[in-house]
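Here is query_33.txt, consisting of compact mmCIF, C-alpha atoms:
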```
# COMPACT_ATOMS: atom_id res chain seq x y z
CA MET A 1020 18.44 1.29 -24.95
CA THR A 1021 16.34 2.51 -22.04
CA THR A 1022 16.18 6.26 -21.68
CA GLY A 1023 16.18 7.59 -18.13
CA VAL A 1024 12.71 8.87 -17.34
CA LEU A 1025 14.12 11.75 -15.30
CA ARG A 1026 15.19 13.34 -18.59
CA SER A 1027 11.52 13.87 -19.43
CA PRO A 1028 10.13 17.20 -18.11
CA ASP A 1029 6.59 15.78 -18.17
CA PHE A 1030 7.59 12.76 -16.10
CA LEU A 1031 9.29 15.09 -13.61
CA ARG A 1032 6.03 17.04 -13.29
CA PHE A 1033 4.13 13.78 -12.86
CA LEU A 1034 6.65 12.60 -10.27
CA SER A 1035 6.46 15.94 -8.42
CA SER A 1036 2.68 15.60 -8.21
CA HIS A 1037 3.29 12.25 -6.51
CA VAL A 1038 5.60 13.88 -3.99
CA ALA A 1039 2.86 16.33 -3.01
CA ASN A 1040 0.19 13.63 -3.03
CA GLU A 1041 2.10 11.03 -1.01
CA LEU A 1042 3.26 13.51 1.62
CA GLY A 1043 -0.27 14.85 2.02
CA ALA A 1044 -1.82 11.38 2.20
CA ASN A 1045 0.62 10.15 4.84
CA VAL A 1046 0.28 13.31 6.92
CA SER A 1047 -3.50 12.87 6.71
CA ARG A 1048 -3.32 9.28 7.99
CA VAL A 1049 -1.77 10.63 11.19
CA ALA A 1050 -3.67 13.90 11.49
CA LEU A 1051 -7.20 12.67 10.78
CA PRO A 1052 -7.39 10.24 13.73
CA LEU A 1053 -5.75 12.89 15.91
CA VAL A 1054 -8.50 15.35 14.99
CA ALA A 1055 -10.99 12.78 16.27
CA VAL A 1056 -9.05 12.17 19.48
CA LEU A 1057 -7.87 15.69 20.33
CA ALA A 1058 -10.74 17.80 19.04
CA LEU A 1059 -13.67 15.43 19.55
CA HIS A 1060 -12.37 13.11 22.32
CA ALA A 1061 -13.26 10.04 20.27
CA GLY A 1062 -12.95 6.57 21.80
CA PRO A 1063 -11.20 3.47 20.41
CA LEU A 1064 -14.26 2.23 18.50
CA GLU A 1065 -14.80 5.58 16.77
CA VAL A 1066 -11.14 5.83 15.83
CA GLY A 1067 -11.20 2.24 14.54
CA VAL A 1068 -14.24 2.95 12.36
CA LEU A 1069 -12.60 6.12 11.06
CA SER A 1070 -9.43 4.23 10.12
CA ALA A 1071 -11.42 1.47 8.42
CA LEU A 1072 -13.36 3.99 6.34
CA GLN A 1073 -10.12 5.38 4.91
CA THR A 1074 -9.51 2.10 3.03
CA ALA A 1075 -13.06 0.72 2.71
CA ALA A 1076 -13.53 2.40 -0.68
CA PHE A 1077 -11.19 -0.11 -2.35
CA LEU A 1078 -13.69 -2.87 -1.60
CA VAL A 1079 -16.83 -0.81 -2.18
CA ILE A 1080 -16.01 0.91 -5.45
CA GLY A 1081 -12.75 -0.65 -6.64
CA LEU A 1082 -14.15 -2.64 -9.59
CA PRO A 1083 -16.54 0.02 -10.98
CA ALA A 1084 -13.75 2.61 -10.71
CA GLY A 1085 -11.74 0.71 -13.32
CA VAL A 1086 -14.60 0.86 -15.83
CA TRP A 1087 -15.05 4.60 -15.28
CA VAL A 1088 -11.33 5.29 -15.59
CA ASP A 1089 -11.20 3.47 -18.94
CA ARG A 1090 -13.99 5.75 -20.17
CA LEU A 1091 -12.22 9.00 -19.25
CA ARG A 1092 -8.95 10.85 -19.81
CA LYS A 1093 -6.59 9.60 -17.13
CA ARG A 1094 -4.88 12.87 -16.19
CA ARG A 1095 -8.25 14.58 -15.81
CA VAL A 1096 -9.37 11.79 -13.48
CA MET A 1097 -6.27 12.33 -11.29
CA MET A 1098 -6.74 16.12 -11.26
CA THR A 1099 -10.44 15.81 -10.40
CA SER A 1100 -9.63 13.31 -7.63
CA ASP A 1101 -6.98 15.60 -6.15
CA LEU A 1102 -9.24 18.64 -6.31
CA THR A 1103 -12.02 16.67 -4.61
CA LYS A 1104 -9.62 15.62 -1.85
CA CYS A 1105 -8.52 19.23 -1.43
CA LEU A 1106 -12.09 20.42 -0.86
CA LEU A 1107 -12.98 17.53 1.43
CA LEU A 1108 -9.88 17.90 3.62
CA ALA A 1109 -10.24 21.69 3.78
CA SER A 1110 -13.78 21.24 5.10
CA ILE A 1111 -12.38 19.87 8.39
CA PRO A 1112 -10.58 23.01 9.66
CA VAL A 1113 -13.42 25.18 8.31
CA SER A 1114 -16.01 23.09 10.17
CA ASP A 1115 -13.88 23.17 13.31
CA ALA A 1116 -13.63 26.97 13.14
CA LEU A 1117 -17.42 27.21 12.75
CA GLY A 1118 -18.11 24.77 15.59
CA LEU A 1119 -19.67 22.23 13.22
CA LEU A 1120 -17.06 19.48 13.45
CA SER A 1121 -18.36 16.02 14.40
CA ILE A 1122 -17.36 12.36 14.22
CA GLY A 1123 -20.03 11.84 11.58
CA LEU A 1124 -18.48 14.53 9.39
CA LEU A 1125 -15.00 13.03 9.82
CA CYS A 1126 -16.30 9.60 8.82
CA VAL A 1127 -17.97 10.98 5.69
CA VAL A 1128 -14.80 12.88 4.74
CA ALA A 1129 -12.61 9.81 5.39
CA PHE A 1130 -14.75 7.61 3.15
CA LEU A 1131 -15.08 10.14 0.33
CA VAL A 1132 -11.34 10.87 0.41
CA GLY A 1133 -10.84 7.11 0.11
CA VAL A 1134 -13.15 7.02 -2.91
CA SER A 1135 -11.15 9.83 -4.53
CA GLN A 1136 -7.93 7.95 -3.79
CA VAL A 1137 -9.26 4.81 -5.49
CA PHE A 1138 -9.86 6.71 -8.72
CA ASN A 1139 -6.50 8.44 -8.39
CA ASP A 1140 -4.59 5.19 -7.89
CA VAL A 1141 -6.27 3.36 -10.77
CA ALA A 1142 -5.81 6.30 -13.16
CA ASP A 1143 -2.21 6.74 -11.97
CA GLN A 1144 -1.15 3.20 -12.90
CA THR A 1145 -3.10 3.45 -16.16
CA TYR A 1146 -1.60 6.81 -17.17
CA LEU A 1147 2.11 6.00 -16.93
CA PRO A 1148 2.23 4.01 -20.22
CA GLU A 1149 0.85 7.13 -21.95
CA LEU A 1150 3.64 9.27 -20.53
CA VAL A 1151 6.75 7.10 -21.03
CA SER A 1152 7.83 4.52 -23.59
CA ARG A 1153 7.33 0.81 -22.95
CA ASP A 1154 11.07 0.35 -22.43
CA SER A 1155 10.99 2.99 -19.69
CA LEU A 1156 8.05 1.58 -17.71
CA SER A 1157 10.23 -0.27 -15.21
CA ASP A 1158 12.37 2.81 -14.61
CA GLY A 1159 9.28 4.98 -14.20
CA ASN A 1160 7.60 2.57 -11.79
CA SER A 1161 10.75 2.37 -9.66
CA LYS A 1162 10.88 6.16 -9.36
CA LEU A 1163 7.22 6.29 -8.33
CA GLU A 1164 7.75 3.52 -5.77
CA PHE A 1165 10.66 5.50 -4.34
CA VAL A 1166 8.39 8.51 -3.87
CA ARG A 1167 5.69 6.38 -2.24
CA SER A 1168 8.19 4.91 0.20
CA GLY A 1169 9.63 8.34 0.92
CA GLY A 1170 6.15 9.62 1.68
CA ALA A 1171 5.53 6.71 4.03
CA LEU A 1172 8.80 7.51 5.81
CA ALA A 1173 8.53 11.29 6.04
CA GLY A 1174 4.75 11.74 6.17
CA PRO A 1175 3.96 10.41 9.66
CA SER A 1176 6.80 12.30 11.34
CA LEU A 1177 5.90 15.49 9.44
CA GLY A 1178 2.27 14.98 10.40
CA GLY A 1179 3.15 14.60 14.07
CA ALA A 1180 5.30 17.72 13.96
CA LEU A 1181 2.57 19.77 12.28
CA VAL A 1182 -0.05 18.61 14.77
CA GLN A 1183 2.29 19.63 17.59
CA LEU A 1184 2.97 23.00 15.95
CA VAL A 1185 -0.41 24.15 14.61
CA GLY A 1186 -2.95 21.61 15.89
CA ALA A 1187 -4.60 18.57 14.32
CA SER A 1188 -7.43 20.42 12.60
CA ARG A 1189 -5.19 23.00 10.95
CA THR A 1190 -2.82 20.28 9.83
CA MET A 1191 -5.64 19.01 7.61
CA LEU A 1192 -5.41 22.32 5.75
CA ALA A 1193 -1.80 21.45 4.88
CA THR A 1194 -2.93 18.13 3.41
CA ALA A 1195 -5.56 19.96 1.36
CA LEU A 1196 -2.90 22.31 -0.01
CA ALA A 1197 -0.72 19.30 -0.91
CA ALA A 1198 -3.59 17.87 -2.98
CA LEU A 1199 -4.04 21.26 -4.65
CA GLY A 1200 -0.32 21.34 -5.43
CA SER A 1201 -0.67 17.98 -7.15
CA VAL A 1202 -3.45 19.41 -9.33
CA VAL A 1203 -1.25 22.32 -10.38
CA LEU A 1204 1.68 20.04 -11.24
CA LEU A 1205 -0.49 17.65 -13.24
CA SER A 1206 -2.02 20.55 -15.16
CA ALA A 1207 1.50 21.55 -16.25
CA VAL A 1208 2.11 18.22 -18.05
CA LYS A 1209 2.43 18.99 -21.78
CA THR A 1210 1.83 15.49 -23.16
CA PRO A 1211 -1.84 15.41 -24.22
CA ASP A 1212 -4.13 12.83 -22.69
CA GLN A 1213 -4.94 9.98 -25.01
CA PRO A 1214 -8.66 10.06 -25.76
CA PRO A 1215 -10.71 7.16 -24.39
CA VAL A 1216 -12.57 4.78 -26.68
CA ALA A 1217 -15.61 6.14 -28.48
CA GLU A 1218 -18.80 6.15 -26.45
CA GLU A 1219 -20.52 3.61 -28.67
CA GLU A 1220 -17.62 1.19 -28.08
CA ARG A 1221 -17.65 1.47 -24.32
CA PRO A 1222 -18.93 -1.60 -22.46
CA ARG A 1223 -21.72 -1.39 -19.92
CA MET A 1224 -20.70 -1.36 -16.27
CA LEU A 1225 -21.21 -5.06 -15.52
CA GLN A 1226 -19.79 -6.09 -18.87
CA GLY A 1227 -16.74 -3.88 -18.28
CA ILE A 1228 -16.12 -5.37 -14.84
CA LYS A 1229 -16.53 -8.87 -16.26
CA GLU A 1230 -14.02 -8.15 -19.04
CA GLY A 1231 -11.44 -6.87 -16.55
CA LEU A 1232 -11.86 -9.95 -14.35
CA ALA A 1233 -11.77 -12.28 -17.37
CA PHE A 1234 -8.56 -10.78 -18.77
CA ALA A 1235 -6.81 -11.04 -15.39
CA TRP A 1236 -7.91 -14.68 -15.10
CA ARG A 1237 -7.01 -15.74 -18.66
CA ASP A 1238 -3.42 -14.49 -18.55
CA ARG A 1239 -1.56 -17.28 -16.75
CA LEU A 1240 1.27 -15.15 -15.44
CA LEU A 1241 -0.99 -12.29 -14.37
CA ARG A 1242 -3.21 -14.79 -12.56
CA THR A 1243 -0.16 -16.19 -10.77
CA ILE A 1244 1.05 -12.72 -9.81
CA ILE A 1245 -2.36 -11.81 -8.39
CA ALA A 1246 -2.45 -15.01 -6.31
CA THR A 1247 1.08 -14.40 -5.00
CA THR A 1248 0.40 -10.75 -4.16
CA ALA A 1249 -2.89 -11.59 -2.45
CA ALA A 1250 -1.25 -14.29 -0.30
CA THR A 1251 1.65 -11.98 0.57
CA ASN A 1252 -0.68 -9.11 1.51
CA LEU A 1253 -2.82 -11.38 3.68
CA THR A 1254 0.14 -12.63 5.71
CA LEU A 1255 1.88 -9.26 6.00
CA SER A 1256 -1.35 -7.51 7.00
CA ALA A 1257 -1.71 -10.00 9.83
CA VAL A 1258 1.88 -9.30 10.91
CA MET A 1259 1.46 -5.53 10.67
CA SER A 1260 -1.75 -5.61 12.70
CA LEU A 1261 0.14 -7.38 15.52
CA SER A 1262 3.43 -5.46 15.31
CA VAL A 1263 2.69 -2.66 17.78
CA LEU A 1264 1.13 -5.08 20.27
CA PHE A 1265 4.10 -7.44 19.87
CA LEU A 1266 6.72 -4.76 20.43
CA ALA A 1267 4.88 -3.07 23.30
CA ASP A 1268 3.38 -5.96 25.30
CA VAL A 1269 5.49 -8.99 24.38
CA VAL A 1270 8.95 -7.57 23.72
CA ARG A 1271 8.25 -4.62 26.06
CA LEU A 1272 10.11 -1.90 24.23
CA PRO A 1273 9.62 1.81 25.06
CA PRO A 1274 7.45 3.86 22.66
CA GLY A 1275 10.43 5.70 21.18
CA TRP A 1276 12.10 2.48 20.11
CA ILE A 1277 8.82 1.15 18.73
CA GLY A 1278 8.50 4.21 16.52
CA VAL A 1279 12.04 3.77 15.19
CA LEU A 1280 11.51 0.08 14.44
CA LEU A 1281 8.21 0.68 12.68
CA MET A 1282 9.86 3.25 10.39
CA SER A 1283 12.46 0.73 9.19
CA GLY A 1284 10.09 -0.73 6.62
CA ALA A 1285 9.94 2.63 4.85
CA VAL A 1286 13.75 2.64 4.71
CA GLY A 1287 13.62 -0.69 2.89
CA GLY A 1288 11.05 0.78 0.52
CA LEU A 1289 13.33 3.71 -0.26
CA LEU A 1290 16.20 1.34 -0.99
CA GLY A 1291 13.92 -0.71 -3.23
CA GLY A 1292 12.85 2.37 -5.17
CA LEU A 1293 16.46 3.43 -5.59
CA THR A 1294 17.75 0.06 -6.79
CA ALA A 1295 14.82 -1.49 -8.65
CA GLY A 1296 15.44 0.32 -11.93
CA TRP A 1297 19.15 -0.55 -12.01
CA LEU A 1298 18.57 -4.17 -11.01
CA THR A 1299 15.87 -4.77 -13.61
CA ARG A 1300 18.05 -3.28 -16.33
CA LYS A 1301 21.08 -5.34 -15.30
CA TYR A 1302 19.44 -8.69 -14.52
CA GLY A 1303 16.07 -8.49 -16.26
CA THR A 1304 12.58 -7.41 -15.19
CA ALA A 1305 11.09 -10.92 -15.17
CA ARG A 1306 14.05 -12.38 -13.28
CA MET A 1307 14.02 -9.71 -10.55
CA THR A 1308 10.26 -10.02 -10.10
CA TRP A 1309 10.48 -13.56 -8.72
CA LEU A 1310 13.95 -13.29 -7.20
CA ALA A 1311 12.98 -10.27 -5.08
CA LEU A 1312 10.42 -12.28 -3.11
CA THR A 1313 12.36 -15.56 -3.12
CA VAL A 1314 15.56 -14.07 -1.72
CA THR A 1315 13.99 -11.81 0.92
CA SER A 1316 11.19 -14.04 2.27
CA PRO A 1317 13.45 -16.11 4.60
CA PHE A 1318 14.35 -12.92 6.49
CA GLY A 1319 10.80 -12.97 7.83
CA LEU A 1320 11.71 -15.80 10.19
CA LEU A 1321 13.88 -13.38 12.19
CA LEU A 1322 10.96 -11.19 13.25
CA PRO A 1323 9.33 -13.54 15.81
CA MET A 1324 12.75 -13.90 17.48
CA THR A 1325 12.84 -10.18 18.36
CA GLN A 1326 13.75 -9.50 22.00
CA ALA A 1327 14.42 -6.38 24.11
CA ASP A 1328 18.19 -6.52 23.56
CA TRP A 1329 20.46 -6.65 20.51
CA ARG A 1330 17.88 -8.96 18.95
CA ALA A 1331 15.59 -5.95 18.51
CA SER A 1332 17.61 -5.53 15.32
CA PHE A 1333 15.83 -8.64 13.98
CA PHE A 1334 12.66 -6.58 13.54
CA THR A 1335 14.57 -3.91 11.62
CA ILE A 1336 16.36 -6.43 9.39
CA THR A 1337 13.09 -8.17 8.57
CA SER A 1338 11.24 -4.93 7.83
CA ILE A 1339 13.98 -3.57 5.56
CA ALA A 1340 14.45 -6.85 3.68
CA LEU A 1341 10.75 -7.55 3.11
CA SER A 1342 9.99 -3.95 2.13
CA TRP A 1343 12.91 -3.89 -0.31
CA GLY A 1344 11.74 -7.16 -1.86
CA ALA A 1345 8.14 -5.98 -2.08
CA ILE A 1346 9.09 -2.77 -3.90
CA VAL A 1347 11.31 -4.53 -6.46
CA TYR A 1348 8.59 -7.15 -6.97
CA ASN A 1349 5.91 -4.46 -7.36
CA VAL A 1350 7.96 -2.65 -10.00
CA GLY A 1351 8.23 -5.88 -11.99
CA GLN A 1352 4.67 -7.08 -11.70
CA LEU A 1353 3.22 -3.64 -12.41
CA THR A 1354 5.45 -3.25 -15.46
CA TYR A 1355 4.24 -6.62 -16.76
CA ARG A 1356 0.60 -5.65 -16.22
CA GLN A 1357 1.05 -2.31 -18.00
CA THR A 1358 2.86 -4.02 -20.88
CA VAL A 1359 0.57 -6.98 -21.51
CA THR A 1360 -2.82 -5.31 -21.01
CA PRO A 1361 -4.46 -3.52 -23.98
CA ALA A 1362 -4.64 0.22 -23.30
CA PRO A 1363 -8.48 0.46 -23.57
CA MET A 1364 -8.94 -1.94 -20.63
CA LEU A 1365 -5.88 -1.22 -18.48
CA GLY A 1366 -7.97 0.73 -15.96
CA ARG A 1367 -10.30 -2.22 -15.45
CA VAL A 1368 -7.44 -4.68 -15.05
CA ASN A 1369 -5.63 -2.38 -12.60
CA ALA A 1370 -8.86 -2.02 -10.61
CA THR A 1371 -9.38 -5.80 -10.61
CA VAL A 1372 -5.89 -6.40 -9.25
CA ARG A 1373 -6.29 -3.69 -6.61
CA PHE A 1374 -9.67 -5.06 -5.55
CA VAL A 1375 -8.31 -8.57 -5.01
CA VAL A 1376 -4.93 -7.83 -3.45
CA TRP A 1377 -6.01 -4.88 -1.28
CA GLY A 1378 -9.10 -6.80 -0.23
CA MET A 1379 -6.81 -9.27 1.51
CA MET A 1380 -5.48 -6.60 3.86
CA PRO A 1381 -8.48 -6.14 6.18
CA LEU A 1382 -9.04 -9.92 6.06
CA GLY A 1383 -5.42 -10.53 7.07
CA ALA A 1384 -5.66 -8.08 9.95
CA LEU A 1385 -8.81 -9.81 11.20
CA ILE A 1386 -7.29 -13.31 10.93
CA GLY A 1387 -4.13 -12.06 12.65
CA GLY A 1388 -6.12 -10.90 15.66
CA ILE A 1389 -8.09 -14.15 15.88
CA VAL A 1390 -5.00 -16.37 15.67
CA ALA A 1391 -3.06 -14.24 18.18
CA GLN A 1392 -6.01 -14.39 20.59
CA ARG A 1393 -5.96 -18.18 20.45
CA ILE A 1394 -2.27 -19.08 20.47
CA GLY A 1395 -0.42 -15.91 21.51
CA VAL A 1396 1.14 -12.98 19.64
CA ARG A 1397 4.66 -14.35 19.15
CA GLU A 1398 3.31 -17.73 18.11
CA ALA A 1399 0.95 -16.10 15.62
CA LEU A 1400 3.87 -14.21 14.09
CA TRP A 1401 5.66 -17.53 13.57
CA VAL A 1402 2.58 -18.89 11.78
CA PHE A 1403 2.23 -15.91 9.45
CA MET A 1404 5.92 -15.53 8.70
CA CYS A 1405 6.12 -19.22 7.80
CA ALA A 1406 3.11 -18.71 5.54
CA ARG A 1407 4.85 -15.67 4.07
CA LEU A 1408 7.85 -17.87 3.33
CA ILE A 1409 5.83 -20.03 0.94
CA SER A 1410 3.53 -17.33 -0.47
CA PHE A 1411 5.87 -16.79 -3.43
CA ALA A 1412 5.75 -20.51 -4.41
CA PRO A 1413 3.29 -19.98 -7.32
CA LEU A 1414 5.91 -17.81 -9.05
CA LEU A 1415 8.38 -20.71 -9.05
CA PHE A 1416 5.94 -22.82 -11.09
CA SER A 1417 5.25 -20.01 -13.55
CA PRO A 1418 7.27 -19.13 -16.68
CA LEU A 1419 9.18 -16.43 -14.75
CA PRO A 1420 12.21 -18.51 -13.59
CA ARG A 1421 12.96 -19.35 -17.24
CA LEU A 1422 12.88 -15.73 -18.43
CA ARG A 1423 15.12 -12.70 -18.20
CA ASP A 1424 12.60 -10.13 -19.46
CA PHE A 1425 8.85 -10.13 -20.00
CA SER A 1426 9.38 -9.45 -23.71
CA GLN A 1427 10.59 -13.06 -24.10
CA LEU A 1428 7.24 -14.33 -22.89
CA GLN A 1429 5.42 -12.14 -25.38
CA THR A 1430 7.71 -13.33 -28.18
CA LYS A 1431 7.05 -16.97 -27.32
CA SER A 1432 3.33 -16.43 -27.24
```
As structure tokens, the full file:
Amino acid sequence: MTTGVLRSPDFLRFLSSHVANELGANVSRVALPLVAVLALHAGPLEVGVLSALQTAAFLVIGLPAGVWVDRLRKRRVMMTSDLTKCLLLASIPVSDALGLLSIGLLCVVAFLVGVSQVFNDVADQTYLPELVSRDSLSDGNSKLEFVRSGGALAGPSLGGALVQLVGASRTMLATALAALGSVVLLSAVKTPDQPPVAEEERPRMLQGIKEGLAFAWRDRLLRTIIATTAATNLTLSAVMSLSVLFLADVVRLPPGWIGVLLMSGAVGGLLGGLTAGWLTRKYGTARMTWLALTVTSPFGLLLPMTQADWRASFFTITSIALSWGAIVYNVGQLTYRQTVTPAPMLGRVNATVRFVVWGMMPLGALIGGIVAQRIGVREALWVFMCARLISFAPLLFSPLPRLRDFSQLQTKS
């Protein structure tokens, strides 16, 4: 019988560190560009470069990060990453007070914070199996996804309020304190870190990267999940990159309504985090992994039909449905990855998956802009939502539809 992870004091501390981290990260995503605009009068190109640098680290250092994480104690990696973020983010208000703030400094901070986040994310997904039992992984992942969605919902509005209240530069100090709070909460976890493999057994960097890639490729189901997630991220990134332009210039909604509609995806994420654990226990982790995408994907066809009347609700329905499906799917596929991957190489496999599936996001945004430029924004949304409708097809030809839980697959093999 699965034990509720919320009964574990250490998991509650771990979860609380996520609350601090996710709120700080989402506040930072709003406040950092506003520092550039309000304090330094940056133009569109500079703001675009700054935004790109916040996620560029996943492509630059994603694969090596997995090798390093496998060589180290996971909780220490997360604490070091959070402390590094704290110092980097605190440097912005200090530099502003000293008259040393510049676009160059913001770009350096944005990239280095992104590097810290890469290590944090890889260690985070690798650490959970050390903290909870295998039977509780799905429950733990659903709670963490709930916190991530809650941060995405509350963070931007909190960031805007803080910028209005204390200014953009000083808001960065709040994000630094949130990272420091995460360090304190992680340090209070009583469960000792599992030691990494002995130094003489550690693979060299290139060998370690190769082993992570090879494991992800050899496992048929993991390979299918990576392909499905990559295709889904590519299409949704294209849609997200066009959403504001679509609502503002094509549908012609006022800014207030646009903000409300764009927040609806986070609502779906919250619902997914709340229900994923119960659904996977009742119907099976493997079954819900493929059903979540299959059932919700058709809702995507409503989005291009959005108009400036009651049909504005189509955008909300689509966002909630797809976000809910993505969260339930993520809980399942992450649980499978954590279960099937040997502990000594879980960091490398997590980094491999992140590198591939997150690497599709900037590519999707670029393709979205090119297609919209050629055929129109609404027409491009039809193209990508139709592509999204079939992106889950590889799962239907995998062993998943014949299984209730992933343990059956392991038993058969």
Using all atoms listed in the file, the best pick from A:Phe1411, A:Phe1138, A:Phe1416, A:Phe1030 as closest to Gly1085 of chain A would be A:Phe1138
Identify, on the basis of only C-alpha atoms, every residue whose closest approach to Leu1147 of chain A does not exceed 12 Å; exclude the query and any residue fewer than 4 positions from it along the same chain; express the result as an NGL selection string. :A and (1024 or 1029-1030 or 1033-1034 or 1093-1094 or 1097 or 1140-1143 or 1151-1163 or 1210 or 1212-1213 or 1353-1354 or 1356-1358 or 1362 or 1365-1366)
If we count all atoms listed in the file and set the cut-off at 7 Å, which residues sit around Thr1308 of chain A, ignoring sequence neighbours fewer than 6 positions away in its own chain? Please answer as a list of chain:residue names.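 With the cut-off at 7 Å, the set is A:Val1347, A:Tyr1348, A:Gly1351, A:Gln1352.
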I'd like the neighbourhood of Arg1032 of chain A as number ranges by chain, where a residue qualifies if any of its atoms comes within 7 Å (using only C-alpha atoms), though same-chain residues fewer than 6 positions away should be ignored. A: 1204-1205, 1208
Would you mind exporting C-alpha atoms of the selected residues as a compact mmCIF listing (two decimals), in the coordinates of the input?
```txt
# COMPACT_ATOMS: atom_id res chain seq x y z
CA LEU A 1204 1.68 20.04 -11.24
CA LEU A 1205 -0.49 17.65 -13.24
CA VAL A 1208 2.11 18.22 -18.05
```
When you look at Met1098 of chain A with a cut-off of 9 Å (counting all atoms listed in the file), what residues show up, excluding the ones that are within fewer than 5 positions of it in the same chain? I need them as a PyMOL selection string. chain A and resi 1093+1103+1139+1199+1201-1203+1205-1206
Atomic distance atom CA of Leu1240 of chain A - atom CA of Ser1417 of chain A, expressed in Å with one decimal: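 That distance, rounded to one decimal, is 6.6 Å.
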Of the residues A:Leu1082, A:Leu1107, A:Val1166, A:Val1396, which is the one nearest to Met1224 of chain A, using all atoms listed in the file?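 Ranked by minimum distance to Met1224 of chain A, first place goes to A:Leu1082.
For the set A:Pro1323, A:Leu1408, A:Leu1255, A:Arg1300, the residue with the smallest atom-to-atom gap to Gly1023 of chain A is A:Arg1300, counting only C-alpha atoms.
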Which is closest to Pro1273 of chain A among A:Gly1296, A:Lys1301, A:Ala1331, A:Pro1361, if we use all atoms listed in the file?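 So, comparing all the options, the nearest one is A:Ala1331.
Interatomic distance, atom CA of Leu1382 of chain A against atom CA of Pro1413 of chain A: 20.8 Å.
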Given the choices A:Thr1304, A:Thr1194, A:Thr1243, A:Asn1252, which gets closest to Asp1424 of chain A if the distance is worked out from all atoms listed in the file?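 Smallest distance to Asp1424 of chain A is found for A:Thr1304.
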